[in-house]
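Notes follow once the structure below has been shown.
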There are 2 protein chains.
Amino acid sequence: MTEGIVSVTGLIAHGRGEAYDYLLGERTVPEAEAAEAAAAAMLVLAKRPMITINGNAAALAAKELGELSCASGAPMEVNLFHRSDERMAKVISFVEGETGEKVLGRDQGGILPGIASDRSRCTKEGLMAADVVLIPLEDGDRAEAMVKLGKKIISIDLNPLSRTNQEATVSVVDEVTRAVPNITLWVKKLKGDPDQARSVLANYQNKKNLASVMDRICHELKEGHV
Amino acid sequence: MTEGIVSVTGLIAHGRGEAYDYLLGERTVPEAEAAEAAAAAMLVLAKRPMITINGNAAALAAKELGELSCASGAPMEVNLFHRSDERMAKVISFVEGETGEKVLGRDQGGILPGIASDRSRCTKEGLMAADVVLIPLEDGDRAEAMVKLGKKIISIDLNPLSRTNQEATVSVVDEVTRAVPNITLWVKKLKGDPDQARSVLANYQNKKNLASVMDRICHELKEGHV
């Protein structure tokens with residue numbers, strides 16, 4: 001935050017995530033493991049996969065997202081909720097420094113329809129052109145706008161009931177620094193084997209998986225294990 | 001935060017509270033209403049009630065806590081998790097400015113046993129002498145230390161499973177700006193009627209009430225109302 005990567009409200013959002021993580025026992029639950037495999041399968045099978053990164057994702061997991069970008073061939077693009085030209089430049093430089101990769105976002109010539117304000121801006125060659133988008137810690141409005149454009153969305157969000165998770169094609173309910181390396185592992189397993197990737201996706205049911213996460217949280221709450 | 005009242009980690013803690021509040025539907029649930037009545041009864045029946053205030057409680061509800069202090073006769077004392085002399089002075093002055101009341105904490109001659117670091121410090125005439133302590137948004141270590149000294153604790157904390165709520169005699173699972181004015185209302189109802197206050201307390205079962213909150217959260221999660 002003091003370096004301008006995370007916003008003040010980003011810290012509060014991080015706290016919300018922590019609360020849900022406690023309810024999950026601060027671990028990758030089996031439902032998250034299944035979603036991470038499906039996410040990897042979707043990235044592997046995509047024509048133009050990409051990864052969008054906000055301030056919190058950059059601060060928490062820039063290196064991990066860079067590794068996933070390399071493994072999957074999905075470019076990274078910075079898109080901020082609390083956007084200013086100065087903060088865009090800072091976050092892009094930070095992610096490039098952490099990963100050694102080129103990051104999109106300096107030239108935001110695209111517009112996501114249906115979003116008020118500067119948050120609608122994105123790149124034409126990145127987000128606008130993508131068929132599959134990984135959106136760690138994204139807000140619901142942007143997730144919904146991407147879905148309306150026909151994109152397949154992979155969310156990483158600890159709140160199983162968030163609008164982002166409800167909108168996503170694959171909803172990963174897991175902490176970002178646990179989720180991303182695990183998706184990378186799955187990408188490496190699946191990228192030479194599109195048949196297996198198709199099979200993983202065919203066997204994955206997102207709504208059922210989300211319902212199972214809620215059952216698990218309830219069980220933990222009632223048993224008092226958390 | 002920019003004024004030095006709330007710490008940076010206080011913002012993250014606030015976010016954790018927000019997440020639990022979503023799960024409760026951002027309202028005073030019936031279990032909270034029951035706990036708030038019991039809290040008021042305990043304050044009314046106490047010999048030396050007092051209210052301890054940290055940075056988040058000051059920022060969110062200084063005025064409301066001042067009104068409860070007036071209604072109940074419980075003095076206010078500032079005790080900080082991230083303590084410095086400068087921040088103590090700032091938060092005390094802030095609460096005094098918001099409430100027009102004298103606030104304890106400038107002279108911390110008491111020590112809570114079993115707590116490492118400066119967080120053990122409190123006032124002799126306030127916290128150390130109290131028999132009933134209202135602790136909004138307090139950490140588990142301090143709550144436990146107070147219970148070990150034989151004090152009765154009223155917590156206000158949105159996480160039903162927090163150590164503070166588990167340690168408390170009366171656990172109010174509600175948002176502080178909703179909870180405190182409601183406790184004040186109950187204090188006004190009960191303070192002229194100690195028999196009714198004793199009856200409210202006798203009929204209140206804290207563990208059962210907490211279990212009922214968890215059932216409610218589960219129900220909301222599964223119904224997807226939140």
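Labels for the structure tokens follow display order: chains A, B, ..., residues from 1 in each chain, ligands from 1.
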Could you produce a table of the residues of chain B lying within 7 Å of chain A, with the nearest pair of atoms per residue and their separation in Å rounded to one decimal, using only C-alpha atoms, ordered by chain and increasing residue number, as a Markdown table?
```
| residue | atom | partner | partner_atom | distance |
| --- | --- | --- | --- | --- |
| B:Leu11 | CA | A:Ile12 | CA | 5.3 |
| B:Ile12 | CA | A:Gly15 | CA | 4.2 |
| B:Ala13 | CA | A:Gly15 | CA | 5.8 |
| B:His14 | CA | A:Ile12 | CA | 6.3 |
| B:Gly15 | CA | A:Gly15 | CA | 4.0 |
| B:Arg16 | CA | A:Arg16 | CA | 4.4 |
| B:Glu18 | CA | A:Arg16 | CA | 6.3 |
| B:Ala19 | CA | A:Arg16 | CA | 4.8 |
| B:Met214 | CA | A:Leu221 | CA | 6.3 |
| B:Cys218 | CA | A:Cys218 | CA | 5.1 |
| B:Leu221 | CA | A:Met214 | CA | 6.3 |
| B:Lys222 | CA | A:Met214 | CA | 6.5 |
```
Chain A onto chain B, all Cα, least squares, as a PDB file with C-alpha atoms, in the first residue's frame:
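The resulting superposed07.pdb:
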```
ATOM      1  CA  MET A   1      -6.282   5.766   8.779  1.00  0.00           C
ATOM      2  CA  THR A   2      -4.781   8.908   7.313  1.00  0.00           C
ATOM      3  CA  GLU A   3      -5.473  10.653  10.650  1.00  0.00           C
ATOM      4  CA  GLY A   4      -3.700   7.909  12.612  1.00  0.00           C
ATOM      5  CA  ILE A   5      -6.823   6.603  14.384  1.00  0.00           C
ATOM      6  CA  VAL A   6      -7.067   3.291  12.518  1.00  0.00           C
ATOM      7  CA  SER A   7      -3.931   1.232  11.797  1.00  0.00           C
ATOM      8  CA  VAL A   8      -3.212  -0.330   8.400  1.00  0.00           C
ATOM      9  CA  THR A   9      -3.871  -3.814   9.799  1.00  0.00           C
ATOM     10  CA  GLY A  10      -7.030  -2.390  11.375  1.00  0.00           C
ATOM     11  CA  LEU A  11      -8.376  -1.943   7.829  1.00  0.00           C
ATOM     12  CA  ILE A  12      -7.763  -5.619   7.082  1.00  0.00           C
ATOM     13  CA  ALA A  13      -9.500  -6.568  10.342  1.00  0.00           C
ATOM     14  CA  HIS A  14     -12.414  -4.353   9.309  1.00  0.00           C
ATOM     15  CA  GLY A  15     -12.637  -6.283   6.042  1.00  0.00           C
ATOM     16  CA  ARG A  16     -12.855  -9.568   7.935  1.00  0.00           C
ATOM     17  CA  GLY A  17     -15.788  -8.122   9.849  1.00  0.00           C
ATOM     18  CA  GLU A  18     -17.492  -7.045   6.623  1.00  0.00           C
ATOM     19  CA  ALA A  19     -17.339 -10.615   5.289  1.00  0.00           C
ATOM     20  CA  TYR A  20     -19.106 -12.015   8.354  1.00  0.00           C
ATOM     21  CA  ASP A  21     -21.626  -9.180   8.212  1.00  0.00           C
ATOM     22  CA  TYR A  22     -22.548 -10.193   4.631  1.00  0.00           C
ATOM     23  CA  LEU A  23     -23.175 -13.721   5.908  1.00  0.00           C
ATOM     24  CA  LEU A  24     -25.580 -12.277   8.489  1.00  0.00           C
ATOM     25  CA  GLY A  25     -27.378 -10.174   5.873  1.00  0.00           C
ATOM     26  CA  GLU A  26     -25.940  -6.912   7.279  1.00  0.00           C
ATOM     27  CA  ARG A  27     -28.616  -6.697   9.951  1.00  0.00           C
ATOM     28  CA  THR A  28     -29.135  -7.262  13.663  1.00  0.00           C
ATOM     29  CA  VAL A  29     -30.253 -10.900  13.716  1.00  0.00           C
ATOM     30  CA  PRO A  30     -32.543 -12.099  16.548  1.00  0.00           C
ATOM     31  CA  GLU A  31     -29.590 -13.741  18.336  1.00  0.00           C
ATOM     32  CA  ALA A  32     -27.774 -10.386  18.344  1.00  0.00           C
ATOM     33  CA  GLU A  33     -30.875  -8.657  19.717  1.00  0.00           C
ATOM     34  CA  ALA A  34     -30.969 -11.169  22.593  1.00  0.00           C
ATOM     35  CA  ALA A  35     -27.244 -10.702  23.280  1.00  0.00           C
ATOM     36  CA  GLU A  36     -27.625  -6.913  23.248  1.00  0.00           C
ATOM     37  CA  ALA A  37     -30.389  -7.063  25.861  1.00  0.00           C
ATOM     38  CA  ALA A  38     -28.233  -9.373  28.006  1.00  0.00           C
ATOM     39  CA  ALA A  39     -25.235  -7.055  27.559  1.00  0.00           C
ATOM     40  CA  ALA A  40     -27.314  -4.112  28.767  1.00  0.00           C
ATOM     41  CA  ALA A  41     -28.555  -6.128  31.742  1.00  0.00           C
ATOM     42  CA  MET A  42     -24.984  -7.003  32.685  1.00  0.00           C
ATOM     43  CA  LEU A  43     -23.884  -3.361  32.430  1.00  0.00           C
ATOM     44  CA  VAL A  44     -26.843  -2.217  34.540  1.00  0.00           C
ATOM     45  CA  LEU A  45     -26.157  -4.816  37.251  1.00  0.00           C
ATOM     46  CA  ALA A  46     -22.371  -4.276  37.314  1.00  0.00           C
ATOM     47  CA  LYS A  47     -20.597  -2.608  40.212  1.00  0.00           C
ATOM     48  CA  ARG A  48     -17.849  -1.118  38.050  1.00  0.00           C
ATOM     49  CA  PRO A  49     -18.707  -1.446  34.368  1.00  0.00           C
ATOM     50  CA  MET A  50     -16.362  -0.011  31.782  1.00  0.00           C
ATOM     51  CA  ILE A  51     -15.896   0.262  28.036  1.00  0.00           C
ATOM     52  CA  THR A  52     -12.571  -0.295  26.305  1.00  0.00           C
ATOM     53  CA  ILE A  53     -12.036   1.318  22.899  1.00  0.00           C
ATOM     54  CA  ASN A  54      -9.442   0.536  20.214  1.00  0.00           C
ATOM     55  CA  GLY A  55      -8.692   2.358  16.962  1.00  0.00           C
ATOM     56  CA  ASN A  56     -11.382   0.696  14.864  1.00  0.00           C
ATOM     57  CA  ALA A  57     -14.052   1.131  17.558  1.00  0.00           C
ATOM     58  CA  ALA A  58     -13.104   4.808  17.881  1.00  0.00           C
ATOM     59  CA  ALA A  59     -13.250   5.414  14.128  1.00  0.00           C
ATOM     60  CA  LEU A  60     -16.517   3.538  13.621  1.00  0.00           C
ATOM     61  CA  ALA A  61     -18.530   4.343  16.727  1.00  0.00           C
ATOM     62  CA  ALA A  62     -16.980   6.909  19.095  1.00  0.00           C
ATOM     63  CA  LYS A  63     -20.233   8.895  19.390  1.00  0.00           C
ATOM     64  CA  GLU A  64     -22.336   5.784  19.940  1.00  0.00           C
ATOM     65  CA  LEU A  65     -19.928   4.495  22.592  1.00  0.00           C
ATOM     66  CA  GLY A  66     -20.038   7.908  24.296  1.00  0.00           C
ATOM     67  CA  GLU A  67     -23.832   7.697  24.482  1.00  0.00           C
ATOM     68  CA  LEU A  68     -23.655   4.212  25.949  1.00  0.00           C
ATOM     69  CA  SER A  69     -21.085   5.455  28.471  1.00  0.00           C
ATOM     70  CA  CYS A  70     -23.446   8.253  29.576  1.00  0.00           C
ATOM     71  CA  ALA A  71     -26.485   5.983  29.778  1.00  0.00           C
ATOM     72  CA  SER A  72     -24.708   3.188  31.667  1.00  0.00           C
ATOM     73  CA  GLY A  73     -22.237   5.129  33.784  1.00  0.00           C
ATOM     74  CA  ALA A  74     -19.414   2.949  32.380  1.00  0.00           C
ATOM     75  CA  PRO A  75     -16.281   5.022  31.780  1.00  0.00           C
ATOM     76  CA  MET A  76     -14.435   4.753  28.471  1.00  0.00           C
ATOM     77  CA  GLU A  77     -10.768   3.782  28.224  1.00  0.00           C
ATOM     78  CA  VAL A  78      -8.587   3.605  25.128  1.00  0.00           C
ATOM     79  CA  ASN A  79      -6.444   0.471  24.701  1.00  0.00           C
ATOM     80  CA  LEU A  80      -4.645  -0.100  21.404  1.00  0.00           C
ATOM     81  CA  PHE A  81      -3.301  -3.245  19.779  1.00  0.00           C
ATOM     82  CA  HIS A  82      -0.695  -1.273  17.807  1.00  0.00           C
ATOM     83  CA  ARG A  83       0.275   1.019  20.657  1.00  0.00           C
ATOM     84  CA  SER A  84       2.482   4.087  20.665  1.00  0.00           C
ATOM     85  CA  ASP A  85       2.307   7.088  23.014  1.00  0.00           C
ATOM     86  CA  GLU A  86       1.539   9.296  20.014  1.00  0.00           C
ATOM     87  CA  ARG A  87      -1.310   7.107  18.773  1.00  0.00           C
ATOM     88  CA  MET A  88      -2.734   6.741  22.317  1.00  0.00           C
ATOM     89  CA  ALA A  89      -2.883  10.549  22.621  1.00  0.00           C
ATOM     90  CA  LYS A  90      -4.487  10.887  19.179  1.00  0.00           C
ATOM     91  CA  VAL A  91      -7.191   8.292  19.741  1.00  0.00           C
ATOM     92  CA  ILE A  92      -8.023   9.568  23.255  1.00  0.00           C
ATOM     93  CA  SER A  93      -8.311  13.149  21.958  1.00  0.00           C
ATOM     94  CA  PHE A  94     -10.424  11.965  19.028  1.00  0.00           C
ATOM     95  CA  VAL A  95     -12.895  10.098  21.269  1.00  0.00           C
ATOM     96  CA  GLU A  96     -13.038  13.012  23.722  1.00  0.00           C
ATOM     97  CA  GLY A  97     -13.726  15.387  20.812  1.00  0.00           C
ATOM     98  CA  GLU A  98     -16.463  13.172  19.382  1.00  0.00           C
ATOM     99  CA  THR A  99     -18.183  12.513  22.710  1.00  0.00           C
ATOM    100  CA  GLY A 100     -17.441  15.491  24.935  1.00  0.00           C
ATOM    101  CA  GLU A 101     -16.585  12.971  27.675  1.00  0.00           C
ATOM    102  CA  LYS A 102     -13.385  12.382  29.627  1.00  0.00           C
ATOM    103  CA  VAL A 103     -11.603   9.241  28.353  1.00  0.00           C
ATOM    104  CA  LEU A 104      -9.146   7.121  30.377  1.00  0.00           C
ATOM    105  CA  GLY A 105      -5.873   5.773  29.022  1.00  0.00           C
ATOM    106  CA  ARG A 106      -3.278   8.550  29.317  1.00  0.00           C
ATOM    107  CA  ASP A 107      -1.915   7.040  32.519  1.00  0.00           C
ATOM    108  CA  GLN A 108      -1.617   3.294  32.059  1.00  0.00           C
ATOM    109  CA  GLY A 109      -0.320   2.130  35.462  1.00  0.00           C
ATOM    110  CA  GLY A 110      -1.979  -1.308  35.302  1.00  0.00           C
ATOM    111  CA  ILE A 111      -0.752  -4.504  33.648  1.00  0.00           C
ATOM    112  CA  LEU A 112      -2.944  -7.330  32.301  1.00  0.00           C
ATOM    113  CA  PRO A 113      -1.111 -10.540  33.307  1.00  0.00           C
ATOM    114  CA  GLY A 114      -0.198 -13.038  30.598  1.00  0.00           C
ATOM    115  CA  ILE A 115      -0.007 -10.573  27.696  1.00  0.00           C
ATOM    116  CA  ALA A 116       3.321  -9.962  25.985  1.00  0.00           C
ATOM    117  CA  SER A 117       4.361  -6.442  24.997  1.00  0.00           C
ATOM    118  CA  ASP A 118       2.799  -3.043  25.507  1.00  0.00           C
ATOM    119  CA  ARG A 119      -0.654  -4.488  24.857  1.00  0.00           C
ATOM    120  CA  SER A 120      -0.707  -5.582  28.516  1.00  0.00           C
ATOM    121  CA  ARG A 121      -0.921  -1.975  29.673  1.00  0.00           C
ATOM    122  CA  CYS A 122      -4.181  -0.493  30.946  1.00  0.00           C
ATOM    123  CA  THR A 123      -5.370   1.909  33.645  1.00  0.00           C
ATOM    124  CA  LYS A 124      -5.670   0.898  37.292  1.00  0.00           C
ATOM    125  CA  GLU A 125      -8.834   2.890  37.910  1.00  0.00           C
ATOM    126  CA  GLY A 126     -10.520   1.744  34.655  1.00  0.00           C
ATOM    127  CA  LEU A 127      -9.909  -1.687  33.220  1.00  0.00           C
ATOM    128  CA  MET A 128      -8.084  -3.195  36.240  1.00  0.00           C
ATOM    129  CA  ALA A 129     -10.816  -2.161  38.684  1.00  0.00           C
ATOM    130  CA  ALA A 130     -13.791  -3.139  36.493  1.00  0.00           C
ATOM    131  CA  ASP A 131     -16.038  -6.163  37.088  1.00  0.00           C
ATOM    132  CA  VAL A 132     -17.805  -5.974  33.689  1.00  0.00           C
ATOM    133  CA  VAL A 133     -15.965  -4.844  30.533  1.00  0.00           C
ATOM    134  CA  LEU A 134     -17.475  -4.115  27.120  1.00  0.00           C
ATOM    135  CA  ILE A 135     -14.828  -4.950  24.489  1.00  0.00           C
ATOM    136  CA  PRO A 136     -15.872  -4.039  20.943  1.00  0.00           C
ATOM    137  CA  LEU A 137     -13.524  -5.512  18.276  1.00  0.00           C
ATOM    138  CA  GLU A 138     -11.004  -6.761  20.838  1.00  0.00           C
ATOM    139  CA  ASP A 139      -8.335  -9.409  20.225  1.00  0.00           C
ATOM    140  CA  GLY A 140      -8.527 -12.857  21.796  1.00  0.00           C
ATOM    141  CA  ASP A 141      -5.432 -12.603  24.007  1.00  0.00           C
ATOM    142  CA  ARG A 142      -6.700  -9.569  25.867  1.00  0.00           C
ATOM    143  CA  ALA A 143     -10.199 -11.019  26.169  1.00  0.00           C
ATOM    144  CA  GLU A 144      -8.760 -14.209  27.658  1.00  0.00           C
ATOM    145  CA  ALA A 145      -6.543 -12.277  30.090  1.00  0.00           C
ATOM    146  CA  MET A 146      -9.555 -10.298  31.351  1.00  0.00           C
ATOM    147  CA  VAL A 147     -11.603 -13.467  31.839  1.00  0.00           C
ATOM    148  CA  LYS A 148      -8.718 -15.004  33.840  1.00  0.00           C
ATOM    149  CA  LEU A 149      -8.815 -11.965  36.151  1.00  0.00           C
ATOM    150  CA  GLY A 150     -12.465 -12.837  36.888  1.00  0.00           C
ATOM    151  CA  LYS A 151     -14.003 -10.059  34.819  1.00  0.00           C
ATOM    152  CA  LYS A 152     -17.225 -10.548  32.929  1.00  0.00           C
ATOM    153  CA  ILE A 153     -16.742  -9.719  29.283  1.00  0.00           C
ATOM    154  CA  ILE A 154     -19.198  -8.396  26.707  1.00  0.00           C
ATOM    155  CA  SER A 155     -17.755  -8.754  23.190  1.00  0.00           C
ATOM    156  CA  ILE A 156     -18.958  -7.090  20.015  1.00  0.00           C
ATOM    157  CA  ASP A 157     -17.434  -9.080  17.145  1.00  0.00           C
ATOM    158  CA  LEU A 158     -18.917 -10.252  13.830  1.00  0.00           C
ATOM    159  CA  ASN A 159     -16.978 -13.527  13.732  1.00  0.00           C
ATOM    160  CA  PRO A 160     -19.044 -15.990  15.784  1.00  0.00           C
ATOM    161  CA  LEU A 161     -16.022 -18.312  16.080  1.00  0.00           C
ATOM    162  CA  SER A 162     -13.476 -15.699  17.166  1.00  0.00           C
ATOM    163  CA  ARG A 163     -11.599 -16.418  20.365  1.00  0.00           C
ATOM    164  CA  THR A 164     -12.985 -13.154  21.770  1.00  0.00           C
ATOM    165  CA  ASN A 165     -16.566 -14.318  21.190  1.00  0.00           C
ATOM    166  CA  GLN A 166     -15.742 -17.777  22.528  1.00  0.00           C
ATOM    167  CA  GLU A 167     -14.243 -16.278  25.719  1.00  0.00           C
ATOM    168  CA  ALA A 168     -16.964 -13.698  26.350  1.00  0.00           C
ATOM    169  CA  THR A 169     -19.754 -13.999  28.914  1.00  0.00           C
ATOM    170  CA  VAL A 170     -22.076 -12.256  26.452  1.00  0.00           C
ATOM    171  CA  SER A 171     -21.057 -12.400  22.760  1.00  0.00           C
ATOM    172  CA  VAL A 172     -22.741  -9.817  20.552  1.00  0.00           C
ATOM    173  CA  VAL A 173     -22.380 -10.951  16.923  1.00  0.00           C
ATOM    174  CA  ASP A 174     -23.373  -7.691  15.277  1.00  0.00           C
ATOM    175  CA  GLU A 175     -21.833  -4.690  13.550  1.00  0.00           C
ATOM    176  CA  VAL A 176     -20.629  -2.164  16.134  1.00  0.00           C
ATOM    177  CA  THR A 177     -22.669   0.834  14.900  1.00  0.00           C
ATOM    178  CA  ARG A 178     -25.847  -1.252  15.017  1.00  0.00           C
ATOM    179  CA  ALA A 179     -24.996  -3.025  18.282  1.00  0.00           C
ATOM    180  CA  VAL A 180     -23.965  -0.120  20.502  1.00  0.00           C
ATOM    181  CA  PRO A 181     -27.067   2.101  20.048  1.00  0.00           C
ATOM    182  CA  ASN A 182     -29.249  -0.945  20.624  1.00  0.00           C
ATOM    183  CA  ILE A 183     -27.410  -1.822  23.854  1.00  0.00           C
ATOM    184  CA  THR A 184     -27.924   1.827  24.913  1.00  0.00           C
ATOM    185  CA  LEU A 185     -31.665   1.512  24.283  1.00  0.00           C
ATOM    186  CA  TRP A 186     -31.761  -1.618  26.439  1.00  0.00           C
ATOM    187  CA  VAL A 187     -29.721   0.076  29.191  1.00  0.00           C
ATOM    188  CA  LYS A 188     -32.290   2.877  29.299  1.00  0.00           C
ATOM    189  CA  LYS A 189     -35.127   0.323  29.558  1.00  0.00           C
ATOM    190  CA  LEU A 190     -33.451  -1.774  32.244  1.00  0.00           C
ATOM    191  CA  LYS A 191     -31.578   0.668  34.417  1.00  0.00           C
ATOM    192  CA  GLY A 192     -34.548   1.558  36.627  1.00  0.00           C
ATOM    193  CA  ASP A 193     -35.584  -2.100  36.922  1.00  0.00           C
ATOM    194  CA  PRO A 194     -32.852  -4.408  38.292  1.00  0.00           C
ATOM    195  CA  ASP A 195     -35.347  -7.267  38.690  1.00  0.00           C
ATOM    196  CA  GLN A 196     -36.086  -7.216  34.977  1.00  0.00           C
ATOM    197  CA  ALA A 197     -32.369  -6.956  34.231  1.00  0.00           C
ATOM    198  CA  ARG A 198     -31.727 -10.055  36.374  1.00  0.00           C
ATOM    199  CA  SER A 199     -34.523 -11.869  34.574  1.00  0.00           C
ATOM    200  CA  VAL A 200     -33.112 -10.976  31.115  1.00  0.00           C
ATOM    201  CA  LEU A 201     -29.694 -12.282  32.167  1.00  0.00           C
ATOM    202  CA  ALA A 202     -31.093 -15.446  33.742  1.00  0.00           C
ATOM    203  CA  ASN A 203     -32.907 -16.311  30.524  1.00  0.00           C
ATOM    204  CA  TYR A 204     -29.908 -15.727  28.282  1.00  0.00           C
ATOM    205  CA  GLN A 205     -27.647 -18.649  27.265  1.00  0.00           C
ATOM    206  CA  ASN A 206     -24.538 -17.497  25.454  1.00  0.00           C
ATOM    207  CA  LYS A 207     -23.298 -20.795  23.982  1.00  0.00           C
ATOM    208  CA  LYS A 208     -26.760 -21.670  22.722  1.00  0.00           C
ATOM    209  CA  ASN A 209     -27.122 -18.199  21.223  1.00  0.00           C
ATOM    210  CA  LEU A 210     -23.767 -18.491  19.408  1.00  0.00           C
ATOM    211  CA  ALA A 211     -24.724 -21.928  18.040  1.00  0.00           C
ATOM    212  CA  SER A 212     -27.942 -20.433  16.733  1.00  0.00           C
ATOM    213  CA  VAL A 213     -25.981 -17.693  14.902  1.00  0.00           C
ATOM    214  CA  MET A 214     -23.949 -20.402  13.120  1.00  0.00           C
ATOM    215  CA  ASP A 215     -27.117 -22.240  12.124  1.00  0.00           C
ATOM    216  CA  ARG A 216     -28.437 -18.994  10.697  1.00  0.00           C
ATOM    217  CA  ILE A 217     -25.263 -18.357   8.670  1.00  0.00           C
ATOM    218  CA  CYS A 218     -25.438 -21.916   7.280  1.00  0.00           C
ATOM    219  CA  HIS A 219     -29.040 -21.507   6.322  1.00  0.00           C
ATOM    220  CA  GLU A 220     -28.289 -18.240   4.511  1.00  0.00           C
ATOM    221  CA  LEU A 221     -25.291 -19.791   2.750  1.00  0.00           C
ATOM    222  CA  LYS A 222     -27.292 -22.748   1.507  1.00  0.00           C
ATOM    223  CA  GLU A 223     -30.295 -20.703   0.471  1.00  0.00           C
ATOM    224  CA  GLY A 224     -27.959 -18.284  -1.288  1.00  0.00           C
ATOM    225  CA  HIS A 225     -29.766 -15.269   0.140  1.00  0.00           C
ATOM    226  CA  VAL A 226     -26.559 -13.431   0.956  1.00  0.00           C
TER     227      VAL A 226
END
```
Please report, as a compact mmCIF listing (two decimals) with N, CA and C atoms, in the first residue's frame, each residue of stretch 56-168 of chain B to which DSSP assigns strand (DSSP E) when run on this structure's backbone.
```txt
# COMPACT_ATOMS: atom_id res chain seq x y z
N MET B 76 -15.14 5.23 29.65
CA MET B 76 -14.43 4.75 28.45
C MET B 76 -12.93 4.81 28.67
N GLU B 77 -12.24 3.81 28.13
CA GLU B 77 -10.77 3.79 28.21
C GLU B 77 -10.24 3.36 26.86
N VAL B 78 -9.20 4.01 26.38
CA VAL B 78 -8.60 3.61 25.11
C VAL B 78 -7.48 2.60 25.38
N VAL B 103 -11.95 10.61 28.72
CA VAL B 103 -11.61 9.23 28.35
C VAL B 103 -10.33 8.82 29.06
N LEU B 104 -10.34 7.64 29.67
CA LEU B 104 -9.15 7.12 30.37
C LEU B 104 -8.13 6.55 29.39
N GLY B 110 -1.61 0.09 35.08
CA GLY B 110 -1.97 -1.31 35.32
C GLY B 110 -1.38 -2.22 34.25
N ILE B 111 -1.30 -3.51 34.59
CA ILE B 111 -0.76 -4.51 33.66
C ILE B 111 -1.71 -5.71 33.63
N ARG B 121 -0.72 -3.17 28.87
CA ARG B 121 -0.93 -1.96 29.68
C ARG B 121 -2.38 -1.50 29.67
N CYS B 122 -2.85 -1.04 30.84
CA CYS B 122 -4.20 -0.48 30.95
C CYS B 122 -4.21 0.42 32.18
N VAL B 132 -17.19 -5.67 34.98
CA VAL B 132 -17.80 -5.97 33.68
C VAL B 132 -17.16 -5.05 32.64
N VAL B 133 -16.65 -5.65 31.56
CA VAL B 133 -15.97 -4.85 30.54
C VAL B 133 -16.59 -5.10 29.17
N LEU B 134 -17.01 -4.03 28.50
CA LEU B 134 -17.47 -4.12 27.11
C LEU B 134 -16.26 -3.97 26.21
N ILE B 135 -16.02 -4.99 25.35
CA ILE B 135 -14.83 -4.95 24.49
C ILE B 135 -15.23 -5.08 23.02
N PRO B 136 -15.55 -3.95 22.36
CA PRO B 136 -15.86 -4.05 20.93
C PRO B 136 -14.58 -4.31 20.14
N LYS B 152 -16.22 -10.15 33.91
CA LYS B 152 -17.21 -10.57 32.92
C LYS B 152 -17.03 -9.72 31.68
N ILE B 153 -17.08 -10.38 30.54
CA ILE B 153 -16.75 -9.73 29.28
C ILE B 153 -17.97 -9.69 28.37
N ILE B 154 -18.21 -8.52 27.78
CA ILE B 154 -19.20 -8.40 26.71
C ILE B 154 -18.42 -8.09 25.43
N SER B 155 -18.46 -9.00 24.47
CA SER B 155 -17.75 -8.75 23.20
C SER B 155 -18.73 -8.20 22.16
N ILE B 156 -18.21 -7.43 21.23
CA ILE B 156 -18.96 -7.09 20.01
C ILE B 156 -18.03 -7.44 18.86
```
### Message
DSSP on the backbone, helix (DSSP H, G or I) only: what residues of stretch 1-221 of chain B does that give? Format it as a PyMOL selection string.
### Response
chain B and resi 8-23+30-45+55-72+85-99+118-120+124-128+140-148+163-167+176-190+194-202+206-221
